[in-house]
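*Asks:* Next comes entry07.txt, compact mmCIF, C-alpha atoms:
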# COMPACT_ATOMS: atom_id res chain seq x y z
CA MET A 30 26.24 7.54 -4.43
CA SER A 31 23.98 5.23 -6.43
CA GLY A 32 25.01 2.24 -4.29
CA ALA A 33 24.20 4.15 -1.13
CA ALA A 34 20.90 5.34 -2.60
CA ALA A 35 19.85 1.78 -3.40
CA ARG A 36 20.68 0.67 0.13
CA ARG A 37 18.86 3.64 1.62
CA ALA A 38 15.80 2.65 -0.46
CA ALA A 39 16.11 -0.96 0.72
CA GLY A 40 16.17 0.30 4.29
CA ASP A 41 13.04 2.33 3.66
CA LEU A 42 11.27 -0.73 2.26
CA LEU A 43 12.18 -2.71 5.37
CA HIS A 44 11.03 0.12 7.61
CA LEU A 45 7.67 0.34 5.85
CA THR A 46 7.08 -3.41 5.95
CA LEU A 47 8.32 -4.28 9.42
CA ASP A 48 7.49 -1.11 11.35
CA ARG A 49 4.46 0.13 9.41
CA LYS A 50 3.12 -3.39 8.72
CA ARG A 51 2.76 -2.96 4.95
CA THR A 52 3.30 -5.65 2.37
CA LEU A 53 6.44 -5.33 0.28
CA ASP A 54 4.35 -4.44 -2.77
CA GLU A 55 2.63 -1.68 -0.80
CA ALA A 56 5.98 -0.46 0.49
CA MET A 57 7.45 -0.25 -3.01
CA ALA A 58 4.47 1.80 -4.15
CA ALA A 59 4.75 4.16 -1.16
CA SER A 60 8.53 4.59 -0.81
CA GLU A 61 9.82 7.79 -2.42
CA PRO A 62 13.50 6.70 -2.20
CA PHE A 63 12.62 3.44 -3.96
CA ARG A 64 10.52 5.10 -6.66
CA ALA A 65 13.36 7.56 -7.34
CA LEU A 66 15.62 4.70 -8.42
CA GLU A 67 15.80 3.31 -11.94
CA GLY A 68 16.88 0.09 -13.62
CA PRO A 69 19.48 -2.05 -11.81
CA ASP A 70 19.53 0.19 -8.73
CA ARG A 71 15.82 -0.37 -8.20
CA GLY A 72 16.24 -4.11 -8.72
CA PHE A 73 19.14 -4.19 -6.26
CA ALA A 74 17.14 -2.34 -3.59
CA ARG A 75 14.27 -4.77 -3.95
CA ALA A 76 16.64 -7.75 -3.83
CA ILE A 77 18.19 -6.52 -0.57
CA ALA A 78 14.78 -6.00 1.05
CA SER A 79 13.52 -9.36 -0.19
CA SER A 80 16.59 -11.19 1.10
CA ALA A 81 16.36 -9.50 4.49
CA LEU A 82 12.69 -10.43 4.83
CA ARG A 83 13.29 -13.99 3.65
CA HIS A 84 16.01 -14.55 6.26
CA LEU A 85 14.83 -12.13 8.95
CA GLY A 86 14.64 -14.57 11.86
CA TRP A 87 18.16 -15.77 11.15
CA ILE A 88 19.41 -12.19 10.84
CA ASP A 89 17.87 -10.92 14.07
CA ARG A 90 18.92 -13.95 16.13
CA THR A 91 22.52 -13.69 14.94
CA VAL A 92 22.88 -9.91 15.01
CA GLN A 93 21.60 -9.46 18.56
CA PRO A 94 24.70 -10.89 20.35
CA LEU A 95 26.93 -8.69 18.18
CA ILE A 96 25.52 -5.32 19.29
CA SER A 97 25.53 -3.47 22.59
CA ARG A 98 21.79 -2.85 22.91
CA PRO A 99 18.61 -4.75 22.06
CA LEU A 100 17.92 -4.62 18.35
CA ALA A 101 14.31 -3.67 19.13
CA ALA A 102 15.60 -0.62 21.05
CA THR A 103 17.57 0.84 18.14
CA SER A 104 15.95 3.46 15.93
CA PRO A 105 13.75 2.00 13.15
CA GLU A 106 16.03 3.48 10.49
CA ILE A 107 19.26 2.05 11.92
CA ARG A 108 17.57 -1.29 12.59
CA ALA A 109 16.46 -1.44 8.95
CA LEU A 110 19.96 -0.67 7.68
CA ILE A 111 21.55 -3.28 9.97
CA ARG A 112 19.18 -5.87 8.52
CA ALA A 113 19.87 -4.66 4.97
CA GLY A 114 23.63 -4.84 5.51
CA ALA A 115 23.48 -8.29 7.09
CA ALA A 116 21.41 -9.61 4.20
CA GLN A 117 24.04 -8.41 1.72
CA ILE A 118 26.94 -9.90 3.63
CA TRP A 119 25.43 -13.24 4.64
CA PHE A 120 23.06 -14.08 1.80
CA MET A 121 23.81 -12.00 -1.32
CA GLU A 122 27.54 -12.53 -1.79
CA VAL A 123 28.19 -8.78 -1.73
CA ALA A 124 31.80 -7.98 -0.79
CA PRO A 125 31.74 -7.20 2.94
CA HIS A 126 33.70 -3.95 2.63
CA ALA A 127 31.26 -2.68 -0.01
CA ALA A 128 28.21 -3.75 1.98
CA VAL A 129 29.52 -2.02 5.12
CA SER A 130 30.75 1.22 3.55
CA GLU A 131 27.81 1.75 1.19
CA THR A 132 25.23 0.94 3.88
CA VAL A 133 26.90 3.39 6.28
CA ASP A 134 26.83 5.96 3.47
CA ALA A 135 23.11 5.21 3.11
CA ALA A 136 22.62 6.35 6.70
CA ARG A 137 23.94 9.79 5.72
CA LEU A 138 21.18 10.04 3.10
CA TRP A 139 18.46 9.21 5.62
CA PRO A 140 17.76 11.97 8.18
CA GLY A 141 16.47 9.53 10.77
CA ALA A 142 19.63 7.42 10.55
CA ARG A 143 22.40 10.03 10.42
CA SER A 144 23.05 10.15 14.15
CA GLY A 145 23.45 6.38 14.30
CA GLY A 146 26.14 6.00 11.68
CA SER A 147 28.91 5.01 14.11
CA PHE A 148 26.73 2.37 15.76
CA LEU A 149 25.70 1.04 12.33
CA ASN A 150 29.33 0.88 11.19
CA ALA A 151 30.40 -1.06 14.27
CA ALA A 152 27.46 -3.46 13.99
CA LEU A 153 28.07 -4.25 10.32
CA ARG A 154 31.80 -4.73 10.85
CA ARG A 155 30.98 -7.38 13.45
CA VAL A 156 28.49 -8.92 11.02
CA SER A 157 31.21 -9.09 8.36
CA GLU A 158 33.43 -10.99 10.80
CA THR A 159 30.71 -13.52 11.69
CA SER A 160 29.75 -16.64 9.74
CA SER A 161 26.35 -16.81 8.07
CA PRO A 162 23.63 -18.16 10.35
CA ALA A 163 22.70 -20.63 7.63
CA ALA A 164 25.39 -22.94 9.02
CA SER A 165 24.18 -22.91 12.63
CA LEU A 166 20.42 -22.29 12.78
CA ASN A 167 17.47 -24.46 11.78
CA PRO A 168 15.44 -23.47 8.69
CA GLU A 169 12.34 -22.73 10.79
CA ASP A 170 14.34 -20.17 12.81
CA ILE A 171 13.76 -17.75 9.93
CA TRP A 172 10.25 -17.27 11.44
CA PRO A 173 9.10 -15.51 14.59
CA ASP A 174 8.56 -17.87 17.51
CA TRP A 175 4.75 -17.78 17.31
CA LEU A 176 4.79 -18.90 13.68
CA ARG A 177 7.38 -21.61 14.23
CA LEU A 178 5.23 -23.07 17.01
CA ALA A 179 2.00 -22.75 14.99
CA MET A 180 3.48 -24.52 11.97
CA ALA A 181 5.02 -27.30 14.00
CA GLY A 182 1.86 -27.72 16.07
CA GLY A 183 -0.42 -27.82 13.05
CA LEU A 184 1.70 -29.78 10.59
CA GLY A 185 4.44 -31.51 12.57
CA ASP A 186 8.13 -30.68 12.75
CA ALA A 187 9.09 -32.26 9.41
CA ALA A 188 6.43 -30.44 7.37
CA ALA A 189 7.16 -27.14 9.12
CA ARG A 190 10.84 -27.49 8.25
CA GLN A 191 9.89 -28.34 4.66
CA LEU A 192 7.90 -25.10 4.41
CA ALA A 193 10.75 -23.08 5.90
CA ARG A 194 13.25 -24.55 3.44
CA ALA A 195 10.93 -23.56 0.58
CA GLN A 196 10.94 -19.96 1.84
CA LEU A 197 14.74 -19.89 1.68
CA ALA A 198 14.69 -20.46 -2.09
CA GLU A 199 13.74 -17.88 -4.69
CA PRO A 200 10.25 -18.78 -5.92
CA GLU A 201 9.57 -19.83 -9.47
CA LEU A 202 7.19 -17.87 -11.69
CA HIS A 203 4.06 -19.81 -12.70
CA LEU A 204 1.67 -18.72 -15.43
CA THR A 205 -1.81 -19.85 -16.40
CA ALA A 206 -2.57 -19.71 -20.12
CA ARG A 207 -5.83 -18.16 -21.28
CA THR A 208 -6.25 -20.75 -24.02
CA ASP A 209 -3.05 -22.50 -25.14
CA ALA A 210 -0.29 -23.40 -22.67
CA ALA A 211 1.97 -24.64 -25.49
CA ALA A 212 1.77 -21.23 -27.17
CA VAL A 213 2.69 -19.53 -23.88
CA VAL A 214 5.68 -21.86 -23.56
CA ALA A 215 6.78 -20.95 -27.09
CA MET A 216 6.56 -17.21 -26.45
CA THR A 217 8.11 -17.18 -22.96
CA GLY A 218 10.59 -20.06 -23.06
CA GLY A 219 8.95 -21.75 -20.07
CA THR A 220 8.05 -25.37 -19.51
CA ILE A 221 4.66 -26.99 -18.93
CA LEU A 222 4.14 -28.60 -15.53
CA PRO A 223 2.07 -31.80 -15.27
CA SER A 224 -0.77 -29.72 -13.81
CA GLY A 225 -0.89 -27.52 -16.92
CA SER A 226 0.75 -24.42 -15.47
CA VAL A 227 3.77 -22.88 -17.22
CA ARG A 228 6.98 -22.57 -15.18
CA LEU A 229 9.67 -19.92 -15.66
CA ALA A 230 12.51 -18.51 -13.63
CA ALA A 231 11.51 -15.43 -11.63
CA GLY A 232 11.68 -12.17 -13.56
CA ALA A 233 9.93 -8.96 -14.51
CA VAL A 234 6.41 -10.02 -15.41
CA GLU A 235 5.35 -6.97 -17.44
CA THR A 236 8.21 -7.40 -19.92
CA LEU A 237 7.41 -11.01 -20.81
CA PRO A 238 5.90 -11.74 -24.25
CA GLY A 239 2.15 -12.09 -24.17
CA TYR A 240 1.55 -10.02 -21.04
CA GLU A 241 0.05 -6.96 -22.73
CA GLU A 242 -1.99 -9.17 -25.06
CA GLY A 243 -3.45 -11.05 -22.09
CA HIS A 244 -2.37 -14.50 -23.25
CA TRP A 245 -1.59 -15.51 -19.66
CA TRP A 246 -1.63 -14.36 -16.06
CA VAL A 247 0.60 -15.02 -13.07
CA GLN A 248 -0.81 -17.76 -10.84
CA ASP A 249 0.96 -20.28 -8.65
CA ALA A 250 0.51 -23.85 -9.85
CA ALA A 251 -1.23 -24.83 -6.60
CA ALA A 252 -3.51 -21.78 -6.79
CA ALA A 253 -4.66 -22.95 -10.23
CA LEU A 254 -5.96 -26.27 -8.87
CA PRO A 255 -9.24 -25.19 -7.18
CA ALA A 256 -10.85 -23.83 -10.36
CA ARG A 257 -9.75 -26.90 -12.32
CA LEU A 258 -11.23 -29.22 -9.70
CA LEU A 259 -14.57 -27.44 -10.07
CA ASP A 260 -14.48 -28.64 -13.72
CA PRO A 261 -16.21 -25.61 -15.26
CA GLN A 262 -17.85 -26.21 -18.62
CA ALA A 263 -19.13 -23.82 -21.27
CA ASP A 264 -22.32 -22.09 -20.13
CA ASP A 265 -22.12 -23.42 -16.55
CA ARG A 266 -23.28 -20.84 -14.01
CA VAL A 267 -20.37 -20.52 -11.60
CA LEU A 268 -20.03 -18.37 -8.48
CA ASP A 269 -16.59 -17.23 -7.35
CA LEU A 270 -16.84 -16.00 -3.74
CA CYS A 271 -14.05 -13.78 -2.34
CA ALA A 272 -12.86 -13.54 -5.94
CA ALA A 273 -10.37 -10.66 -6.10
CA PRO A 274 -7.74 -10.18 -7.43
CA GLY A 275 -9.13 -12.68 -9.87
CA GLY A 276 -6.77 -15.45 -10.98
CA LYS A 277 -9.41 -18.10 -10.40
CA THR A 278 -12.11 -15.89 -11.92
CA LEU A 279 -10.02 -15.69 -15.09
CA GLN A 280 -9.69 -19.48 -15.18
CA LEU A 281 -13.43 -19.96 -14.81
CA ALA A 282 -14.21 -17.33 -17.45
CA ALA A 283 -11.68 -18.83 -19.87
CA SER A 284 -13.61 -22.12 -19.72
CA GLY A 285 -16.65 -20.40 -21.23
CA ALA A 286 -18.61 -20.55 -17.98
CA ARG A 287 -20.94 -17.72 -16.99
CA VAL A 288 -19.11 -16.41 -13.95
CA THR A 289 -20.36 -14.21 -11.13
CA ALA A 290 -17.44 -12.91 -9.06
CA VAL A 291 -18.18 -11.49 -5.60
CA ASP A 292 -15.76 -9.65 -3.32
CA ARG A 293 -16.33 -7.16 -0.53
CA SER A 294 -13.34 -4.93 -1.37
CA ALA A 295 -14.00 -2.28 -4.02
CA SER A 296 -10.28 -1.65 -4.54
CA ARG A 297 -9.57 -5.35 -5.06
CA VAL A 298 -12.55 -5.63 -7.40
CA LYS A 299 -11.01 -2.83 -9.46
CA ARG A 300 -7.89 -4.98 -9.88
CA LEU A 301 -10.07 -7.92 -10.86
CA GLN A 302 -11.71 -5.85 -13.58
CA GLU A 303 -8.31 -4.69 -14.84
CA ASN A 304 -7.20 -8.32 -15.08
CA LEU A 305 -10.36 -9.25 -16.97
CA ASP A 306 -9.84 -6.34 -19.36
CA ARG A 307 -6.21 -7.29 -20.04
CA THR A 308 -7.09 -10.90 -20.78
CA ARG A 309 -10.22 -10.06 -22.81
CA LEU A 310 -12.38 -12.20 -20.54
CA LYS A 311 -15.80 -11.45 -19.09
CA ALA A 312 -17.50 -12.02 -15.75
CA GLU A 313 -20.24 -10.36 -13.75
CA ILE A 314 -18.56 -8.57 -10.84
CA LEU A 315 -20.33 -7.60 -7.62
CA VAL A 316 -19.01 -5.74 -4.60
CA ALA A 317 -20.74 -7.57 -1.76
CA ASP A 318 -20.10 -9.41 1.51
CA ALA A 319 -20.04 -13.18 0.92
CA GLU A 320 -21.46 -13.74 4.41
CA THR A 321 -24.70 -11.85 3.74
CA TRP A 322 -25.13 -11.61 -0.06
CA GLN A 323 -28.05 -13.57 -1.47
CA PRO A 324 -28.11 -14.48 -5.18
CA PRO A 325 -31.37 -14.33 -7.13
CA GLU A 326 -30.95 -18.02 -7.99
CA LYS A 327 -28.68 -20.82 -6.85
CA PHE A 328 -25.48 -21.89 -8.59
CA GLY A 329 -24.50 -25.37 -9.70
CA LYS A 330 -20.82 -24.69 -9.01
CA ILE A 331 -19.25 -22.47 -6.36
CA LEU A 332 -15.64 -21.66 -5.62
CA VAL A 333 -14.93 -20.34 -2.10
CA ASP A 334 -11.42 -18.88 -1.96
CA ALA A 335 -11.81 -17.85 1.66
CA PRO A 336 -9.94 -14.99 3.34
CA CYS A 337 -7.01 -16.50 5.23
CA SER A 338 -3.67 -15.85 6.86
CA ALA A 339 -1.86 -16.53 3.53
CA LEU A 340 0.87 -18.36 5.43
CA GLY A 341 1.21 -20.71 2.48
CA THR A 342 2.63 -17.91 0.33
CA LEU A 343 5.64 -16.98 2.47
CA ALA A 344 8.10 -18.01 -0.24
CA ARG A 345 6.65 -15.18 -2.35
CA HIS A 346 5.69 -12.83 0.49
CA PRO A 347 8.07 -13.51 3.40
CA GLU A 348 7.02 -10.30 5.14
CA GLY A 349 3.74 -12.04 5.97
CA ALA A 350 5.48 -13.83 8.83
CA TRP A 351 6.35 -10.50 10.44
CA ILE A 352 3.43 -8.19 9.69
CA LYS A 353 0.91 -10.66 11.14
CA SER A 354 0.53 -11.93 14.70
CA ILE A 355 -0.96 -15.03 16.24
CA ALA A 356 -4.00 -12.91 17.10
CA ASP A 357 -4.38 -11.90 13.44
CA VAL A 358 -4.30 -15.53 12.34
CA GLY A 359 -6.77 -16.49 15.04
CA ARG A 360 -9.45 -14.23 13.62
CA PHE A 361 -9.74 -16.06 10.29
CA PRO A 362 -11.41 -19.38 11.22
CA ALA A 363 -14.66 -17.75 12.40
CA VAL A 364 -14.90 -15.78 9.14
CA GLN A 365 -14.12 -18.86 7.05
CA ALA A 366 -16.75 -20.91 8.84
CA ARG A 367 -19.41 -18.25 8.31
CA ILE A 368 -18.64 -17.90 4.60
CA LEU A 369 -18.71 -21.66 4.01
CA SER A 370 -22.00 -21.87 5.90
CA ALA A 371 -23.49 -18.98 3.89
CA ALA A 372 -22.37 -20.58 0.61
CA ARG A 373 -24.53 -23.63 1.37
CA ALA A 374 -27.68 -21.60 0.74
CA MET A 375 -26.27 -20.46 -2.63
CA LEU A 376 -25.54 -24.00 -3.89
CA ALA A 377 -28.10 -25.73 -6.09
CA PRO A 378 -29.24 -29.32 -5.40
CA GLY A 379 -26.63 -31.74 -6.72
CA GLY A 380 -24.10 -28.91 -7.07
CA THR A 381 -20.39 -28.83 -6.33
CA LEU A 382 -18.42 -26.46 -4.09
CA VAL A 383 -14.65 -26.19 -3.85
CA TYR A 384 -13.26 -24.60 -0.67
CA CYS A 385 -9.65 -23.43 -0.60
CA VAL A 386 -7.24 -21.35 1.45
CA CYS A 387 -3.61 -20.46 0.78
CA THR A 388 -2.44 -21.60 4.19
CA PRO A 389 -1.49 -25.05 5.47
CA LEU A 390 -2.82 -24.53 9.01
CA PRO A 391 -5.54 -27.09 9.85
CA SER A 392 -7.47 -24.44 11.80
CA GLU A 393 -8.18 -22.59 8.54
CA GLY A 394 -8.58 -25.59 6.26
CA ARG A 395 -9.32 -29.14 7.30
CA GLU A 396 -10.98 -28.19 10.59
CA ILE A 397 -13.33 -25.71 8.86
CA VAL A 398 -14.42 -28.36 6.35
CA GLU A 399 -14.79 -31.12 8.94
CA ALA A 400 -16.98 -28.86 11.08
CA ALA A 401 -19.22 -28.03 8.10
CA ILE A 402 -19.58 -31.75 7.33
CA ALA A 403 -20.32 -32.53 10.98
CA ARG A 404 -23.08 -29.86 11.00
CA GLY A 405 -24.74 -31.66 8.12
CA ASP A 406 -24.20 -28.87 5.59
CA TYR A 407 -21.99 -30.81 3.18
CA VAL A 408 -20.60 -34.16 2.20
CA ARG A 409 -17.14 -34.59 0.77
CA ARG A 410 -16.57 -35.33 -2.92
CA PRO A 411 -13.05 -36.78 -2.71
CA ILE A 412 -10.47 -35.58 -5.21
CA ARG A 413 -9.03 -38.43 -7.28
CA PRO A 414 -5.39 -38.84 -8.37
CA GLY A 415 -6.30 -38.42 -12.04
CA GLU A 416 -7.72 -34.97 -11.33
CA CYS A 417 -4.59 -33.44 -9.81
CA ALA A 418 -1.72 -34.34 -12.13
CA GLY A 419 1.59 -33.41 -10.57
CA PHE A 420 0.01 -33.11 -7.14
CA GLU A 421 -0.91 -36.73 -6.45
CA HIS A 422 1.51 -36.66 -3.52
CA ALA A 423 -0.59 -33.88 -1.95
CA LEU A 424 -3.77 -35.96 -1.60
CA THR A 425 -4.84 -36.53 1.99
CA PRO A 426 -6.40 -39.80 3.21
CA ALA A 427 -9.80 -38.05 3.25
CA GLY A 428 -9.52 -36.99 -0.41
CA ASP A 429 -8.55 -33.34 0.03
CA LEU A 430 -5.36 -31.66 -1.20
CA LEU A 431 -2.63 -30.10 0.95
CA THR A 432 0.07 -28.80 -1.40
CA LEU A 433 3.24 -28.42 0.64
CA PRO A 434 6.22 -27.22 -1.41
CA GLY A 435 9.23 -29.49 -1.65
CA PRO A 436 12.48 -29.98 -3.60
CA SER A 437 10.66 -31.40 -6.65
CA HIS A 438 7.47 -29.35 -6.47
CA ALA A 439 7.89 -25.63 -5.86
CA CYS A 440 4.48 -24.17 -5.11
CA ASP A 441 2.45 -22.33 -2.52
CA ALA A 442 0.88 -24.27 0.33
CA PHE A 443 -2.84 -24.66 -0.38
CA TYR A 444 -5.60 -26.62 1.29
CA ILE A 445 -8.41 -27.63 -1.10
CA ALA A 446 -11.58 -29.64 -0.44
CA ARG A 447 -14.43 -30.50 -2.81
CA LEU A 448 -17.92 -30.69 -1.31
CA ALA A 449 -21.55 -31.28 -2.23
CA PRO A 450 -24.83 -30.49 -0.43
CA ALA A 451 -25.67 -32.99 2.29
CA GLY A 452 -28.88 -34.92 2.65
CA ARG A 453 -31.50 -35.20 -0.10
CA GLU A 454 -29.65 -32.56 -2.18
CA ALA A 455 -26.41 -34.56 -2.41
What is this structure when it is put down as structure tokens?
*Replies:*
Amino acid sequence: MSGAAARRAAGDLLHLTLDRKRTLDEAMAASEPFRALEGPDRGFARAIASSALRHLGWIDRTVQPLISRPLAATSPEIRALIRAGAAQIWFMEVAPHAAVSETVDAARLWPGARSGGSFLNAALRRVSETSSPAASLNPEDIWPDWLRLAMAGGLGDAAARQLARAQLAEPELHLTARTDAAAVVAMTGGTILPSGSVRLAAGAVETLPGYEEGHWWVQDAAAALPARLLDPQADDRVLDLCAAPGGKTLQLAASGARVTAVDRSASRVKRLQENLDRTRLKAEILVADAETWQPPEKFGKILVDAPCSALGTLARHPEGAWIKSIADVGRFPAVQARILSAARAMLAPGGTLVYCVCTPLPSEGREIVEAAIARGDYVRRPIRPGECAGFEHALTPAGDLLTLPGPSHACDAFYIARLAPAGREA
């Protein structure tokens, strides 16, 4: 029953993410059926859940006409197994008879799903007789309606479709080297991107050479840009606000700068410290609220990696489209504006601040920066093409960066702006 057990675990992961609103990583840590699996079975369960989440809008829109009741009205367990079965049949090239029979067997292993086995069997048989929705639906139909409208409204139809297409592909793995990218390439078999990040095919991170020794850390190529654009030098005093889990802190520390990393979450700060320990890097870490914390002296360089909706990371975390709502997204701009305003008092005369968010929505990026400039807090220090190798296409007319993924540049969607104090302190 190992095949059924893997599918039962995949169903549990989907239940925890979509009904309990947990991230997939949190679900994998919490799911007993998933943690009971080993080796290929565990990998298969994760692959099913990931595929279902990546294609969820397509799955739900196409399954609904095939069943006799609203999908939302079915039990959470049966709903999860329908989605898991559809993902196997339509997107994973699993033989339909195996996907149907083993997923129905999975229902027998799950107390909450046992009574719905006949309904599940009938639903998946209809799924197996239906063509994949990839041939009939638009890429942006993988998202809930609120997100499709928000992306199209903020970015335009073409850019929204570009982001959706990126979510349909398995993401690459990008690494940032602690000291020597060429050495990381030699040990991992990756390739160096123009930006300096190392690219590999997706895989198990902890088993890669150099992980335990801390020679590198996982960081999307776009996520590595903000710290580089701050141009940290040895002995610079640099403040990293909203720092955890620490990829940008590690970059700043690796430059030899004296880094102070501030984050309000004690649990996330613990992860940051673990990452510093693994990579043998040092930074001063403080658990504090970036909106109210006051440093004893000002900093010449500040990185503000503001809390955001993370809608630019859906290729890596597709569940984000479904565990957030439009109301959740709407709460971020006020927080971002307050943090950017508070950071102004922490910035020394003539200093530099880089503001970034891992979302492409203008309400969390460009509009926050434009409002701060209009208030007279900052002036823009435009980013130049020579400073963003490999991302020249992402430069905006104003001199910011908006890194939308595309066929030739797989990356997260980031908005990045570089600023300086306004007025006599510019």
*Asks:* Quote the spacing between CA of Phe328 in chain A and CA of Thr289 in chain A in Å to one decimal place.
*Replies:*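 Atom-to-atom, CA of Phe328 in chain A and CA of Thr289 in chain A are spaced 9.6 Å apart.
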*Asks:* I'd like the neighbourhood of Leu281 in chain A as a VMD selection string, where a residue qualifies if any of its atoms comes within 10 Å (using all atoms listed in the file), though same-chain residues fewer than 2 positions away should be ignored.
*Replies:* chain A and resid 256 to 257 259 to 263 265 to 269 275 to 279 283 to 290 310 to 312 332
*Asks:* Show which residues sit within 10 Å of range 419-430 of chain A, as a list in words. Count all atoms listed in the file, and ignore same-chain residues fewer than 5 positions away.
*Replies:* Leu222, Pro223, Ser224, Gly225, Ala250, Ala251, Leu254, Pro255, Tyr384, Cys385, Gly394, Arg395, Val398, Arg409, Arg410, Pro411, Ile412, Arg413, Pro414, His438, Ala442, Phe443, Tyr444, Ile445, Ala446, Arg447 and Leu448 of chain A
*Asks:* What gap, in Å, lies between CA of Gly435 in chain A and CA of Lys50 in chain A?
*Replies:*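 Pair CA of Gly435 in chain A / CA of Lys50 in chain A returns 28.7 Å.
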*Asks:* What lies within 7 Å of Ala78 in chain A using all atoms listed in the file, ignoring chain neighbours under 6 positions off, as number ranges by chain?
*Replies:* A: 39, 42-43, 113
